[in-house]
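Asker: File follows, input03.pdb with PDB, C-alpha atoms:
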```pdb
ATOM      1  CA  MET A   1      79.489 143.403  82.522
ATOM      2  CA  THR A   2      76.563 142.575  80.292
ATOM      3  CA  ILE A   3      75.604 139.036  79.359
ATOM      4  CA  GLU A   4      76.801 139.768  75.849
ATOM      5  CA  GLU A   5      80.260 140.797  77.090
ATOM      6  CA  PHE A   6      80.373 137.722  79.265
ATOM      7  CA  THR A   7      79.598 135.540  76.262
ATOM      8  CA  ASN A   8      82.204 137.244  74.083
ATOM      9  CA  ASP A   9      85.012 137.453  76.619
ATOM     10  CA  PHE A  10      84.585 134.290  78.646
ATOM     11  CA  MET A  11      82.037 131.829  77.315
ATOM     12  CA  SER A  12      83.892 131.864  74.009
ATOM     13  CA  MET A  13      86.848 130.257  75.833
ATOM     14  CA  LYS A  14      84.901 127.190  76.891
ATOM     15  CA  GLN A  15      86.615 124.774  74.502
ATOM     16  CA  ARG A  16      90.111 125.788  75.630
ATOM     17  CA  LEU A  17      89.112 125.695  79.279
ATOM     18  CA  TYR A  18      87.585 122.289  78.796
ATOM     19  CA  ARG A  19      90.755 120.912  77.170
ATOM     20  CA  LEU A  20      92.961 122.364  79.887
ATOM     21  CA  SER A  21      90.758 120.911  82.596
ATOM     22  CA  LEU A  22      90.597 117.547  80.819
ATOM     23  CA  SER A  23      94.394 117.418  80.691
ATOM     24  CA  ILE A  24      94.431 117.792  84.467
ATOM     25  CA  VAL A  25      91.429 115.804  85.692
ATOM     26  CA  GLY A  26      91.415 113.201  82.919
ATOM     27  CA  SER A  27      87.657 112.824  82.957
ATOM     28  CA  ALA A  28      85.323 114.442  80.445
ATOM     29  CA  MET A  29      82.515 114.603  82.970
ATOM     30  CA  VAL A  30      84.618 116.293  85.639
ATOM     31  CA  ALA A  31      86.110 118.676  83.053
ATOM     32  CA  GLU A  32      82.602 119.687  81.984
ATOM     33  CA  ASP A  33      81.714 120.370  85.606
ATOM     34  CA  VAL A  34      84.837 122.467  86.000
ATOM     35  CA  VAL A  35      84.014 124.599  82.953
ATOM     36  CA  GLN A  36      80.496 125.156  84.214
ATOM     37  CA  GLU A  37      81.667 126.102  87.685
ATOM     38  CA  VAL A  38      84.347 128.428  86.333
ATOM     39  CA  MET A  39      81.815 130.223  84.138
ATOM     40  CA  ILE A  40      79.445 130.771  87.042
ATOM     41  CA  LYS A  41      82.333 131.940  89.211
ATOM     42  CA  VAL A  42      83.365 134.442  86.541
ATOM     43  CA  TRP A  43      79.831 135.778  86.371
ATOM     44  CA  ASN A  44      79.635 136.107  90.147
ATOM     45  CA  LYS A  45      82.913 138.018  90.062
ATOM     46  CA  ARG A  46      81.903 140.020  86.998
ATOM     47  CA  ILE A  47      82.779 143.413  88.456
ATOM     48  CA  GLU A  48      86.323 142.214  89.091
ATOM     49  CA  ALA A  49      86.390 140.230  85.838
ATOM     50  CA  ALA A  50      85.566 143.254  83.717
ATOM     51  CA  LYS A  51      88.686 145.021  84.974
ATOM     52  CA  ILE A  52      91.088 142.131  84.297
ATOM     53  CA  GLU A  53      93.509 142.990  81.552
ATOM     54  CA  ASN A  54      94.509 139.506  80.441
ATOM     55  CA  LYS A  55      91.161 137.776  80.607
ATOM     56  CA  PRO A  56      92.226 134.485  78.940
ATOM     57  CA  ALA A  57      95.121 133.982  81.374
ATOM     58  CA  TRP A  58      92.924 134.880  84.334
ATOM     59  CA  VAL A  59      90.181 132.429  83.467
ATOM     60  CA  MET A  60      92.667 129.704  82.481
ATOM     61  CA  LYS A  61      94.348 130.096  85.861
ATOM     62  CA  MET A  62      90.985 129.762  87.559
ATOM     63  CA  THR A  63      90.282 126.632  85.523
ATOM     64  CA  ARG A  64      93.655 125.146  86.428
ATOM     65  CA  ASN A  65      93.105 125.770  90.131
ATOM     66  CA  LEU A  66      89.618 124.358  90.186
ATOM     67  CA  SER A  67      90.728 121.311  88.183
ATOM     68  CA  ILE A  68      93.505 120.600  90.654
ATOM     69  CA  ASP A  69      91.020 120.982  93.515
ATOM     70  CA  LYS A  70      88.701 118.493  91.823
ATOM     71  CA  LEU A  71      91.542 116.078  91.303
ATOM     72  CA  ARG A  72      92.480 116.310  94.988
ATOM     73  CA  SER A  73      88.949 115.696  96.185
ATOM     74  CA  LYS A  74      88.592 112.852  93.694
ATOM     75  CA  HIS A  75      91.768 111.297  95.009
ATOM     76  CA  ALA A  76      90.623 111.721  98.564
ATOM     77  CA  LYS A  77      87.441 109.845  97.731
ATOM     78  CA  THR A  78      88.973 107.081  95.634
ATOM     79  CA  GLN A  79      92.265 106.415  97.288
ATOM     80  CA  GLY A  80      94.527 103.919  95.630
ATOM     81  CA  ILE A  81      93.193 104.375  92.141
ATOM     82  CA  PRO A  82      96.035 105.700  90.033
ATOM     83  CA  GLU A  83      95.703 108.996  88.247
ATOM     84  CA  GLY A  84      95.036 108.533  84.595
ATOM     85  CA  TYR A  85      92.951 109.405  81.620
ATOM     86  CA  ASP A  86      89.534 108.026  81.131
ATOM     87  CA  VAL A  87      89.864 107.790  77.424
ATOM     88  CA  VAL A  88      86.505 109.387  76.884
ATOM     89  CA  ASN A  89      86.591 110.454  73.322
ATOM     90  CA  LYS A  90      84.048 110.031  70.642
ATOM     91  CA  THR A  91      86.684 108.903  68.183
ATOM     92  CA  HIS A  92      87.269 105.814  70.315
ATOM     93  CA  THR A  93      83.965 104.117  69.773
ATOM     94  CA  PRO A  94      84.288 100.601  68.354
ATOM     95  CA  GLU A  95      82.855 101.635  65.005
ATOM     96  CA  THR A  96      85.508 104.236  64.386
ATOM     97  CA  ILE A  97      88.605 102.569  65.762
ATOM     98  CA  THR A  98      91.175 102.411  63.045
ATOM     99  CA  GLN A  99      94.860 101.730  63.010
ATOM    100  CA  SER A 100      95.641 105.419  63.291
ATOM    101  CA  ASN A 101      93.280 105.809  66.228
ATOM    102  CA  ASP A 102      95.180 103.022  67.884
ATOM    103  CA  THR A 103      98.286 105.191  67.645
ATOM    104  CA  VAL A 104      96.306 108.134  68.964
ATOM    105  CA  SER A 105      95.339 106.198  72.073
ATOM    106  CA  LYS A 106      98.998 105.223  72.509
ATOM    107  CA  ILE A 107     100.010 108.885  72.458
ATOM    108  CA  HIS A 108      97.163 109.549  74.823
ATOM    109  CA  GLY A 109      98.619 106.947  77.152
ATOM    110  CA  ILE A 110     102.076 108.508  76.991
ATOM    111  CA  MET A 111     100.615 111.932  77.794
ATOM    112  CA  ALA A 112      98.777 110.477  80.754
ATOM    113  CA  GLN A 113     102.036 109.139  82.180
ATOM    114  CA  LEU A 114     103.610 112.594  82.240
ATOM    115  CA  PRO A 115     103.825 114.407  85.559
ATOM    116  CA  LYS A 116     100.937 116.842  85.871
ATOM    117  CA  ILE A 117     103.022 119.997  85.433
ATOM    118  CA  GLN A 118     104.698 118.646  82.287
ATOM    119  CA  ARG A 119     101.362 117.570  80.884
ATOM    120  CA  MET A 120      99.886 121.023  81.479
ATOM    121  CA  CYS A 121     102.887 122.657  79.794
ATOM    122  CA  ILE A 122     102.568 120.427  76.727
ATOM    123  CA  GLN A 123      98.834 120.957  76.652
ATOM    124  CA  LEU A 124      99.215 124.733  76.646
ATOM    125  CA  ARG A 125     102.145 124.802  74.248
ATOM    126  CA  ASP A 126     101.626 122.060  71.668
ATOM    127  CA  ILE A 127      97.843 121.982  71.664
ATOM    128  CA  GLU A 128      96.763 125.473  72.691
ATOM    129  CA  GLU A 129      99.819 127.041  71.017
ATOM    130  CA  MET A 130     100.478 129.620  73.699
ATOM    131  CA  LYS A 131     103.576 131.719  74.312
ATOM    132  CA  TYR A 132     105.980 130.732  77.085
ATOM    133  CA  GLN A 133     105.069 133.895  78.984
ATOM    134  CA  GLU A 134     101.358 133.093  78.830
ATOM    135  CA  ILE A 135     101.945 129.557  80.058
ATOM    136  CA  ALA A 136     104.101 130.862  82.893
ATOM    137  CA  ASP A 137     101.300 133.270  83.898
ATOM    138  CA  ILE A 138      98.642 130.590  83.926
ATOM    139  CA  LEU A 139     100.685 127.981  85.781
ATOM    140  CA  GLU A 140     102.312 130.584  88.035
ATOM    141  CA  ILE A 141     105.836 129.358  87.386
ATOM    142  CA  SER A 142     108.805 131.048  85.728
ATOM    143  CA  ILE A 143     109.436 131.009  81.988
ATOM    144  CA  ASP A 144     112.543 128.905  82.611
ATOM    145  CA  GLN A 145     110.487 126.348  84.467
ATOM    146  CA  VAL A 146     108.014 126.259  81.590
ATOM    147  CA  LYS A 147     110.856 125.607  79.134
ATOM    148  CA  VAL A 148     112.424 122.927  81.297
ATOM    149  CA  ASN A 149     109.093 121.154  81.720
ATOM    150  CA  ILE A 150     108.380 121.266  78.006
ATOM    151  CA  TYR A 151     111.874 119.967  77.248
ATOM    152  CA  ARG A 152     111.501 117.058  79.683
ATOM    153  CA  ALA A 153     108.005 116.234  78.490
ATOM    154  CA  ARG A 154     109.053 116.175  74.848
ATOM    155  CA  ASN A 155     112.034 113.994  75.641
ATOM    156  CA  TYR A 156     109.796 111.540  77.414
ATOM    157  CA  ILE A 157     107.252 111.586  74.599
ATOM    158  CA  LYS A 158     109.993 111.042  72.011
ATOM    159  CA  LYS A 159     111.473 108.118  73.922
ATOM    160  CA  GLU A 160     108.158 106.428  74.617
ATOM    161  CA  PHE A 161     106.658 107.207  71.244
ATOM    162  CA  LEU A 162     109.583 105.796  69.280
ATOM    163  CA  LYS A 163     109.695 102.778  71.576
ATOM    164  CA  THR A 164     106.016 102.150  70.994
ATOM    165  CA  ASP A 165     106.437 102.658  67.321
ATOM    166  CA  SER A 166     109.373 100.247  66.976
ATOM    167  CA  TYR A 167     107.159  97.386  68.125
ATOM    168  CA  GLY A 168     105.183  98.085  65.028
ATOM    169  CA  VAL A 169     101.493  98.601  64.741
TER
ATOM    170  CA  MET B   1     109.321 122.613  52.856
ATOM    171  CA  GLU B   2     112.724 120.995  52.392
ATOM    172  CA  TYR B   3     113.257 117.636  54.017
ATOM    173  CA  ASN B   4     116.438 118.859  55.702
ATOM    174  CA  ASN B   5     114.688 121.884  57.095
ATOM    175  CA  ILE B   6     112.004 119.747  58.651
ATOM    176  CA  LYS B   7     114.585 117.374  60.050
ATOM    177  CA  ASP B   8     116.377 120.297  61.699
ATOM    178  CA  LEU B   9     113.116 121.653  63.015
ATOM    179  CA  ILE B  10     112.264 118.298  64.593
ATOM    180  CA  GLU B  11     115.610 118.237  66.372
ATOM    181  CA  LYS B  12     114.968 121.768  67.550
ATOM    182  CA  TYR B  13     111.517 120.713  68.660
ATOM    183  CA  TRP B  14     112.825 117.855  70.815
ATOM    184  CA  ALA B  15     115.362 120.219  72.354
ATOM    185  CA  GLY B  16     112.544 122.610  73.269
ATOM    186  CA  GLU B  17     114.004 125.386  71.170
ATOM    187  CA  THR B  18     111.348 125.923  68.527
ATOM    188  CA  ASP B  19     109.173 129.015  68.515
ATOM    189  CA  LEU B  20     105.444 128.950  67.866
ATOM    190  CA  GLN B  21     105.858 129.617  64.174
ATOM    191  CA  GLU B  22     108.276 126.736  63.728
ATOM    192  CA  GLU B  23     105.993 124.439  65.646
ATOM    193  CA  SER B  24     103.155 125.498  63.387
ATOM    194  CA  THR B  25     105.343 124.734  60.358
ATOM    195  CA  LEU B  26     105.911 121.222  61.685
ATOM    196  CA  LYS B  27     102.205 120.653  62.249
ATOM    197  CA  THR B  28     101.367 121.882  58.768
ATOM    198  CA  TYR B  29     104.057 119.691  57.246
ATOM    199  CA  PHE B  30     102.911 116.551  59.026
ATOM    200  CA  SER B  31      99.275 117.159  58.220
ATOM    201  CA  SER B  32     100.071 117.189  54.517
ATOM    202  CA  ALA B  33      99.989 114.033  52.393
ATOM    203  CA  ASP B  34     103.522 114.618  51.230
ATOM    204  CA  VAL B  35     105.642 113.524  54.215
ATOM    205  CA  HIS B  36     109.137 112.154  53.643
ATOM    206  CA  PRO B  37     109.215 108.357  54.243
ATOM    207  CA  SER B  38     111.904 108.624  56.922
ATOM    208  CA  LEU B  39     109.718 111.073  58.881
ATOM    209  CA  THR B  40     106.323 109.376  58.657
ATOM    210  CA  GLN B  41     106.829 107.908  62.121
ATOM    211  CA  TYR B  42     106.297 111.396  63.587
ATOM    212  CA  LYS B  43     103.116 112.033  61.662
ATOM    213  CA  PRO B  44     100.719 110.615  64.284
ATOM    214  CA  LEU B  45     102.281 112.701  67.048
ATOM    215  CA  PHE B  46     101.855 116.034  65.288
ATOM    216  CA  SER B  47      98.422 115.179  64.004
ATOM    217  CA  TYR B  48      97.537 114.209  67.571
ATOM    218  CA  PHE B  49      98.212 117.780  68.652
ATOM    219  CA  GLN B  50      95.963 119.035  65.874
ATOM    220  CA  GLU B  51      93.205 116.572  66.584
ATOM    221  CA  ALA B  52      93.278 117.301  70.297
ATOM    222  CA  LYS B  53      91.920 120.729  69.402
ATOM    223  CA  GLU B  54      88.824 119.223  67.904
ATOM    224  CA  GLU B  55      85.798 120.806  69.508
ATOM    225  CA  VAL B  56      83.589 118.821  71.817
ATOM    226  CA  HIS B  57      79.924 119.355  72.415
ATOM    227  CA  LEU B  58      79.590 121.824  75.270
ATOM    228  CA  ASP B  59      76.307 123.510  74.324
ATOM    229  CA  SER B  60      74.456 122.006  77.253
ATOM    230  CA  ILE B  61      77.006 123.516  79.629
ATOM    231  CA  GLU B  62      76.649 126.913  78.017
ATOM    232  CA  ALA B  63      72.872 126.688  78.184
ATOM    233  CA  ALA B  64      72.980 125.705  81.861
ATOM    234  CA  VAL B  65      75.325 128.569  82.727
ATOM    235  CA  MET B  66      73.345 131.147  80.779
ATOM    236  CA  GLU B  67      70.127 130.058  82.407
ATOM    237  CA  ARG B  68      71.686 130.303  85.830
ATOM    238  CA  ILE B  69      73.206 133.719  85.368
ATOM    239  CA  GLN B  70      70.059 135.152  83.825
ATOM    240  CA  HIS B  71      68.080 133.791  86.718
ATOM    241  CA  LYS B  72      70.622 135.189  89.136
ATOM    242  CA  ALA B  73      70.390 138.706  87.689
ATOM    243  CA  VAL B  74      67.627 139.364  90.260
ATOM    244  CA  PRO B  75      68.914 138.090  93.595
ATOM    245  CA  THR B  76      66.174 136.413  95.635
ATOM    246  CA  THR B  77      67.536 137.507  99.018
ATOM    247  CA  ALA B  78      67.098 141.194  98.214
ATOM    248  CA  LYS B  79      63.418 140.572  97.538
ATOM    249  CA  VAL B  80      62.865 139.079 100.982
ATOM    250  CA  ILE B  81      64.605 141.925 102.738
ATOM    251  CA  SER B  82      62.689 144.617 100.878
ATOM    252  CA  LEU B  83      59.350 142.941 101.612
ATOM    253  CA  GLU B  84      60.155 142.811 105.295
ATOM    254  CA  ARG B  85      61.171 146.443 105.283
ATOM    255  CA  ILE B  86      58.001 147.470 103.516
ATOM    256  CA  LEU B  87      55.927 145.603 106.092
ATOM    257  CA  LYS B  88      57.780 147.225 108.972
ATOM    258  CA  VAL B  89      57.414 150.704 107.548
ATOM    259  CA  ALA B  90      53.754 150.116 106.749
ATOM    260  CA  ALA B  91      53.110 148.868 110.287
ATOM    261  CA  ALA B  92      54.854 151.871 111.828
ATOM    262  CA  VAL B  93      52.904 154.308 109.630
ATOM    263  CA  LEU B  94      49.609 152.621 110.507
ATOM    264  CA  VAL B  95      50.332 152.756 114.242
ATOM    265  CA  LEU B  96      51.277 156.412 114.013
ATOM    266  CA  MET B  97      48.158 157.287 112.016
ATOM    267  CA  GLY B  98      45.903 155.386 114.376
ATOM    268  CA  ALA B  99      47.437 156.990 117.451
ATOM    269  CA  THR B 100      47.310 160.491 115.993
ATOM    270  CA  TYR B 101      43.718 160.078 114.948
ATOM    271  CA  PHE B 102      42.704 158.757 118.386
ATOM    272  CA  VAL B 103      44.442 161.538 120.304
ATOM    273  CA  TYR B 104      43.182 164.257 117.964
ATOM    274  CA  ASP B 105      39.633 162.937 118.174
ATOM    275  CA  ASN B 106      39.663 162.859 121.997
ATOM    276  CA  MET B 107      41.007 166.400 122.222
ATOM    277  CA  GLY B 108      38.491 167.688 119.720
ATOM    278  CA  ASN B 109      35.552 166.337 121.741
ATOM    279  CA  SER B 110      36.741 167.227 125.224
ATOM    280  CA  GLY B 111      34.917 170.593 125.513
ATOM    281  CA  GLY B 112      31.561 172.161 124.598
ATOM    282  CA  GLU B 113      27.959 171.423 125.440
ATOM    283  CA  MET B 114      26.006 168.682 123.831
ATOM    284  CA  ALA B 115      22.493 167.287 123.900
ATOM    285  CA  ASP B 116      22.032 163.812 125.386
ATOM    286  CA  SER B 117      21.105 162.298 122.060
ATOM    287  CA  GLU B 118      24.173 163.891 120.624
ATOM    288  CA  ARG B 119      26.233 162.458 123.470
ATOM    289  CA  ILE B 120      24.812 159.003 122.904
ATOM    290  CA  ALA B 121      25.456 159.250 119.219
ATOM    291  CA  ILE B 122      28.992 160.330 119.913
ATOM    292  CA  TYR B 123      29.360 157.601 122.500
ATOM    293  CA  ASP B 124      28.197 155.004 119.980
ATOM    294  CA  GLU B 125      30.503 156.447 117.413
ATOM    295  CA  GLU B 126      33.334 156.494 119.914
ATOM    296  CA  SER B 127      32.806 152.907 120.948
ATOM    297  CA  GLU B 128      32.747 151.925 117.299
ATOM    298  CA  LYS B 129      35.983 153.784 116.833
ATOM    299  CA  LEU B 130      37.485 152.188 119.907
ATOM    300  CA  LYS B 131      36.472 148.785 118.667
ATOM    301  CA  ALA B 132      38.005 149.511 115.301
ATOM    302  CA  TYR B 133      41.092 150.808 116.993
ATOM    303  CA  LEU B 134      41.457 147.698 119.139
ATOM    304  CA  GLU B 135      40.987 145.467 116.111
ATOM    305  CA  LEU B 136      43.595 147.425 114.240
ATOM    306  CA  LYS B 137      45.915 147.223 117.217
ATOM    307  CA  ALA B 138      45.439 143.473 117.414
ATOM    308  CA  ALA B 139      46.140 143.096 113.713
ATOM    309  CA  LEU B 140      49.224 145.255 113.964
ATOM    310  CA  ALA B 141      50.424 143.319 117.002
ATOM    311  CA  LEU B 142      50.096 140.204 114.891
ATOM    312  CA  VAL B 143      52.136 141.693 112.065
ATOM    313  CA  SER B 144      54.753 142.981 114.476
ATOM    314  CA  ASN B 145      54.955 139.592 116.158
ATOM    315  CA  LYS B 146      55.380 137.871 112.825
ATOM    316  CA  ILE B 147      58.264 140.116 111.888
ATOM    317  CA  ASP B 148      60.046 140.023 115.233
ATOM    318  CA  ASP B 149      59.621 136.335 115.872
ATOM    319  CA  GLY B 150      60.100 135.138 112.321
ATOM    320  CA  LYS B 151      62.972 132.889 113.320
ATOM    321  CA  GLN B 152      61.186 131.236 116.252
ATOM    322  CA  GLN B 153      58.154 129.666 114.722
ATOM    323  CA  ALA B 154      56.953 127.964 117.880
ATOM    324  CA  ILE B 155      57.228 131.012 120.097
ATOM    325  CA  LYS B 156      55.604 133.094 117.437
ATOM    326  CA  GLY B 157      52.530 130.882 117.379
ATOM    327  CA  LEU B 158      52.241 131.004 121.146
ATOM    328  CA  SER B 159      52.651 134.762 121.429
ATOM    329  CA  ARG B 160      50.111 135.260 118.684
ATOM    330  CA  THR B 161      47.386 133.380 120.526
ATOM    331  CA  LYS B 162      48.308 135.145 123.754
ATOM    332  CA  THR B 163      48.109 138.566 122.147
ATOM    333  CA  ILE B 164      44.724 137.816 120.671
ATOM    334  CA  SER B 165      43.242 136.462 123.874
ATOM    335  CA  ILE B 166      44.541 139.393 125.946
ATOM    336  CA  LEU B 167      43.150 141.966 123.549
ATOM    337  CA  LYS B 168      39.789 140.253 123.457
TER
END
```
Would you give me this structure, written as structure tokens?

Answerer:
Amino acid sequence: MTIEEFTNDFMSMKQRLYRLSLSIVGSAMVAEDVVQEVMIKVWNKRIEAAKIENKPAWVMKMTRNLSIDKLRSKHAKTQGIPEGYDVVNKTHTPETITQSNDTVSKIHGIMAQLPKIQRMCIQLRDIEEMKYQEIADILEISIDQVKVNIYRARNYIKKEFLKTDSYGV
Amino acid sequence: MEYNNIKDLIEKYWAGETDLQEESTLKTYFSSADVHPSLTQYKPLFSYFQEAKEEVHLDSIEAAVMERIQHKAVPTTAKVISLERILKVAAAVLVLMGATYFVYDNMGNSGGEMADSERIAIYDEESEKLKAYLELKAALALVSNKIDDGKQQAIKGLSRTKTISILK
């Protein structure tokens, strides 16, 4: 695999990998580390990587696994601190906070409360717009499990979102 | 898009029964300015999904990775091994050449009659050769020691001084 092929096939996925990792680890810094590590891993495995048929699914799976590993080691180090999102997002700086951004951070909070598997399913479906089969491949679960998780996640989001909304902004 | 259609699609969405195209229709609808008043409450949710795709700055990561993989294209360990091999082969060749030359030279001069001056000249030449040979041998012993005892720095130093003093 040449550097050019690596750039076209794998480096081009960095934004998606970053978002997937962020949805798991909840920290922009850790997610950046994950993307970097995954890219280097892919390069080190380039002979194998070149033969992979579904490259996006393969590298997404790798990103998911490494993110979960990071989360575990982070939890081991900082026991007792609940899992959650660092809301590291450039749109949340004081200068740019608007009413609508306030709603965005509320949705962010609801997402963060979802169980990890549901959050990953929603991330891959509603944000990355992937097919059920693709999601099942990446998360290594059945299509039915993907559908069930998406259904439960959306129900939770609906309930919490409408509840939040009824208090009025 | 008809209001009723969207309403149905939302229900389908909550039930987890929409396909990708229908979900895309919902996102497009809610990103438009023309959202039905009774549905505006959902607008932030669907625009959240769109906004979450906004690209972040990852150029520094890409640069770091590219630098690392370009650097890694020539593995450093292979260099070390090849250098060691070259040294070993070179040492072996030198020893062989020296030995062959010495043996050949001795055989060549073993017979025949010579004048005394000639003998002395040859003796001088021979002693020069012997000296050169011993120096070469000492140098080679050093190289060989360095290679063999690379991992034991302390022992290497000791054996080196020993070798030199013995040969002297």

Asker: For the ChimeraX specification (/B :<8) & /A, applied here, can you spell out every residue it catches as a PDB file with C-alpha atoms, in the coordinates of the input?

Answerer:
```pdb
ATOM      1  CA  MET A  11      82.037 131.829  77.315  1.00  0.00           C
ATOM      2  CA  LYS A  14      84.901 127.190  76.891  1.00  0.00           C
ATOM      3  CA  GLN A  15      86.615 124.774  74.502  1.00  0.00           C
ATOM      4  CA  ARG A  19      90.755 120.912  77.170  1.00  0.00           C
ATOM      5  CA  GLU A  32      82.602 119.687  81.984  1.00  0.00           C
ATOM      6  CA  VAL A  35      84.014 124.599  82.953  1.00  0.00           C
ATOM      7  CA  GLN A  36      80.496 125.156  84.214  1.00  0.00           C
ATOM      8  CA  MET A  39      81.815 130.223  84.138  1.00  0.00           C
ATOM      9  CA  ILE A  40      79.445 130.771  87.042  1.00  0.00           C
ATOM     10  CA  TRP A  43      79.831 135.778  86.371  1.00  0.00           C
ATOM     11  CA  SER A 100      95.641 105.419  63.291  1.00  0.00           C
ATOM     12  CA  THR A 103      98.286 105.191  67.645  1.00  0.00           C
ATOM     13  CA  VAL A 104      96.306 108.134  68.964  1.00  0.00           C
ATOM     14  CA  ILE A 107     100.010 108.885  72.458  1.00  0.00           C
ATOM     15  CA  ASP A 126     101.626 122.060  71.668  1.00  0.00           C
ATOM     16  CA  ILE A 127      97.843 121.982  71.664  1.00  0.00           C
ATOM     17  CA  GLU A 128      96.763 125.473  72.691  1.00  0.00           C
ATOM     18  CA  GLU A 129      99.819 127.041  71.017  1.00  0.00           C
ATOM     19  CA  MET A 130     100.478 129.620  73.699  1.00  0.00           C
ATOM     20  CA  LYS A 131     103.576 131.719  74.312  1.00  0.00           C
ATOM     21  CA  LYS A 147     110.856 125.607  79.134  1.00  0.00           C
ATOM     22  CA  ILE A 150     108.380 121.266  78.006  1.00  0.00           C
ATOM     23  CA  TYR A 151     111.874 119.967  77.248  1.00  0.00           C
ATOM     24  CA  ARG A 154     109.053 116.175  74.848  1.00  0.00           C
ATOM     25  CA  ASN A 155     112.034 113.994  75.641  1.00  0.00           C
ATOM     26  CA  LYS A 158     109.993 111.042  72.011  1.00  0.00           C
ATOM     27  CA  LEU A 162     109.583 105.796  69.280  1.00  0.00           C
ATOM     28  CA  ASP A 165     106.437 102.658  67.321  1.00  0.00           C
TER      29      ASP A 165
END
```

Asker: Would you mind reading off the distance between CA of Leu39 in chain B and CA of Ile110 in chain A, one decimal, in Å?

Answerer: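 Those two atoms sit 19.8 Å apart.
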
Asker: I'd like the contact shell of range 68-71 of chain A - 8 Å cut-off, all atoms listed in the file, skipping same-chain residues fewer than 5 positions apart - returned as a list in words.

Answerer: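 With the cut-off at 8 Å, the set is Ile24, Val25 and Val30 of chain A.
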
Asker: For the structure shown, which residues end up in the PyMOL selection byres ((chain A and resi 133) around 12)? Put them as a list of chain:residue names, please?

Answerer: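 Applied to this file, the PyMOL selection byres ((chain A and resi 133) around 12) selects A:Ala57, A:Cys121, A:Leu124, A:Arg125, A:Glu129, A:Met130, A:Lys131, A:Tyr132, A:Glu134, A:Ile135, A:Ala136, A:Asp137, A:Ile138, A:Leu139, A:Glu140, A:Ile141, A:Ser142, A:Ile143, A:Asp144, A:Gln145, A:Val146, A:Lys147.
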
Asker: Could you write out as a list in words the residues that the PyMOL selection byres ((chain B and resi 136-142) around 9) matches in the shown file?

Answerer: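 Applying the PyMOL selection byres ((chain B and resi 136-142) around 9) to the structure shown produces Ala91, Ala92, Leu94, Val95, Gly98, Lys131, Ala132, Tyr133, Leu134, Glu135, Val143, Ser144, Asn145, Lys146, Ile147, Ser159, Arg160, Thr163, Ile164, Leu167 and Lys168 of chain B.
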
Asker: So, with all atoms listed in the file as the atoms that count, which of A:Lys41, A:His108, A:Lys51, A:Lys116 lies closest to Leu20 in chain A?

Answerer: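 Of all the options, A:Lys116 lies closest to Leu20 in chain A.
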
Asker: Residues around (84.9, 138.7, 84.7), cut-off 12 Å, counting only C-alpha atoms - what are they as a count of residues only?

Answerer: 33

Asker: What does the distance from CA of Lys7 in chain B to CA of Ser38 in chain B come to in Å, to one decimal?

Answerer: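 The value is 9.7 Å.
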
Asker: Please output range 36-47 of chain A, rebuilt to include N, CA and C atoms, as a JSON list (two decimals), in the coordinates of the input.

Answerer:
```json
[["chain", "number", "residue", "atom", "x", "y", "z"],
["A", 36, "GLN", "N", 81.75, 124.55, 83.76],
["A", 36, "GLN", "CA", 80.50, 125.16, 84.21],
["A", 36, "GLN", "C", 80.70, 125.98, 85.49],
["A", 37, "GLU", "N", 81.43, 125.40, 86.42],
["A", 37, "GLU", "CA", 81.67, 126.10, 87.68],
["A", 37, "GLU", "C", 82.49, 127.37, 87.47],
["A", 38, "VAL", "N", 83.50, 127.26, 86.60],
["A", 38, "VAL", "CA", 84.35, 128.43, 86.33],
["A", 38, "VAL", "C", 83.51, 129.55, 85.73],
["A", 39, "MET", "N", 82.65, 129.20, 84.79],
["A", 39, "MET", "CA", 81.82, 130.22, 84.14],
["A", 39, "MET", "C", 80.91, 130.93, 85.14],
["A", 40, "ILE", "N", 80.33, 130.17, 86.04],
["A", 40, "ILE", "CA", 79.44, 130.77, 87.04],
["A", 40, "ILE", "C", 80.25, 131.64, 88.01],
["A", 41, "LYS", "N", 81.45, 131.15, 88.34],
["A", 41, "LYS", "CA", 82.33, 131.94, 89.21],
["A", 41, "LYS", "C", 82.68, 133.27, 88.56],
["A", 42, "VAL", "N", 83.01, 133.22, 87.28],
["A", 42, "VAL", "CA", 83.36, 134.44, 86.54],
["A", 42, "VAL", "C", 82.19, 135.42, 86.59],
["A", 43, "TRP", "N", 81.01, 134.91, 86.36],
["A", 43, "TRP", "CA", 79.83, 135.78, 86.37],
["A", 43, "TRP", "C", 79.63, 136.39, 87.76],
["A", 44, "ASN", "N", 79.80, 135.59, 88.78],
["A", 44, "ASN", "CA", 79.64, 136.11, 90.15],
["A", 44, "ASN", "C", 80.68, 137.16, 90.48],
["A", 45, "LYS", "N", 81.85, 137.04, 89.84],
["A", 45, "LYS", "CA", 82.91, 138.02, 90.06],
["A", 45, "LYS", "C", 82.97, 139.03, 88.92],
["A", 46, "ARG", "N", 81.87, 139.28, 88.26],
["A", 46, "ARG", "CA", 81.90, 140.02, 87.00],
["A", 46, "ARG", "C", 82.44, 141.44, 87.12],
["A", 47, "ILE", "N", 82.25, 142.05, 88.29],
["A", 47, "ILE", "CA", 82.78, 143.41, 88.46],
["A", 47, "ILE", "C", 84.31, 143.38, 88.41]]
```
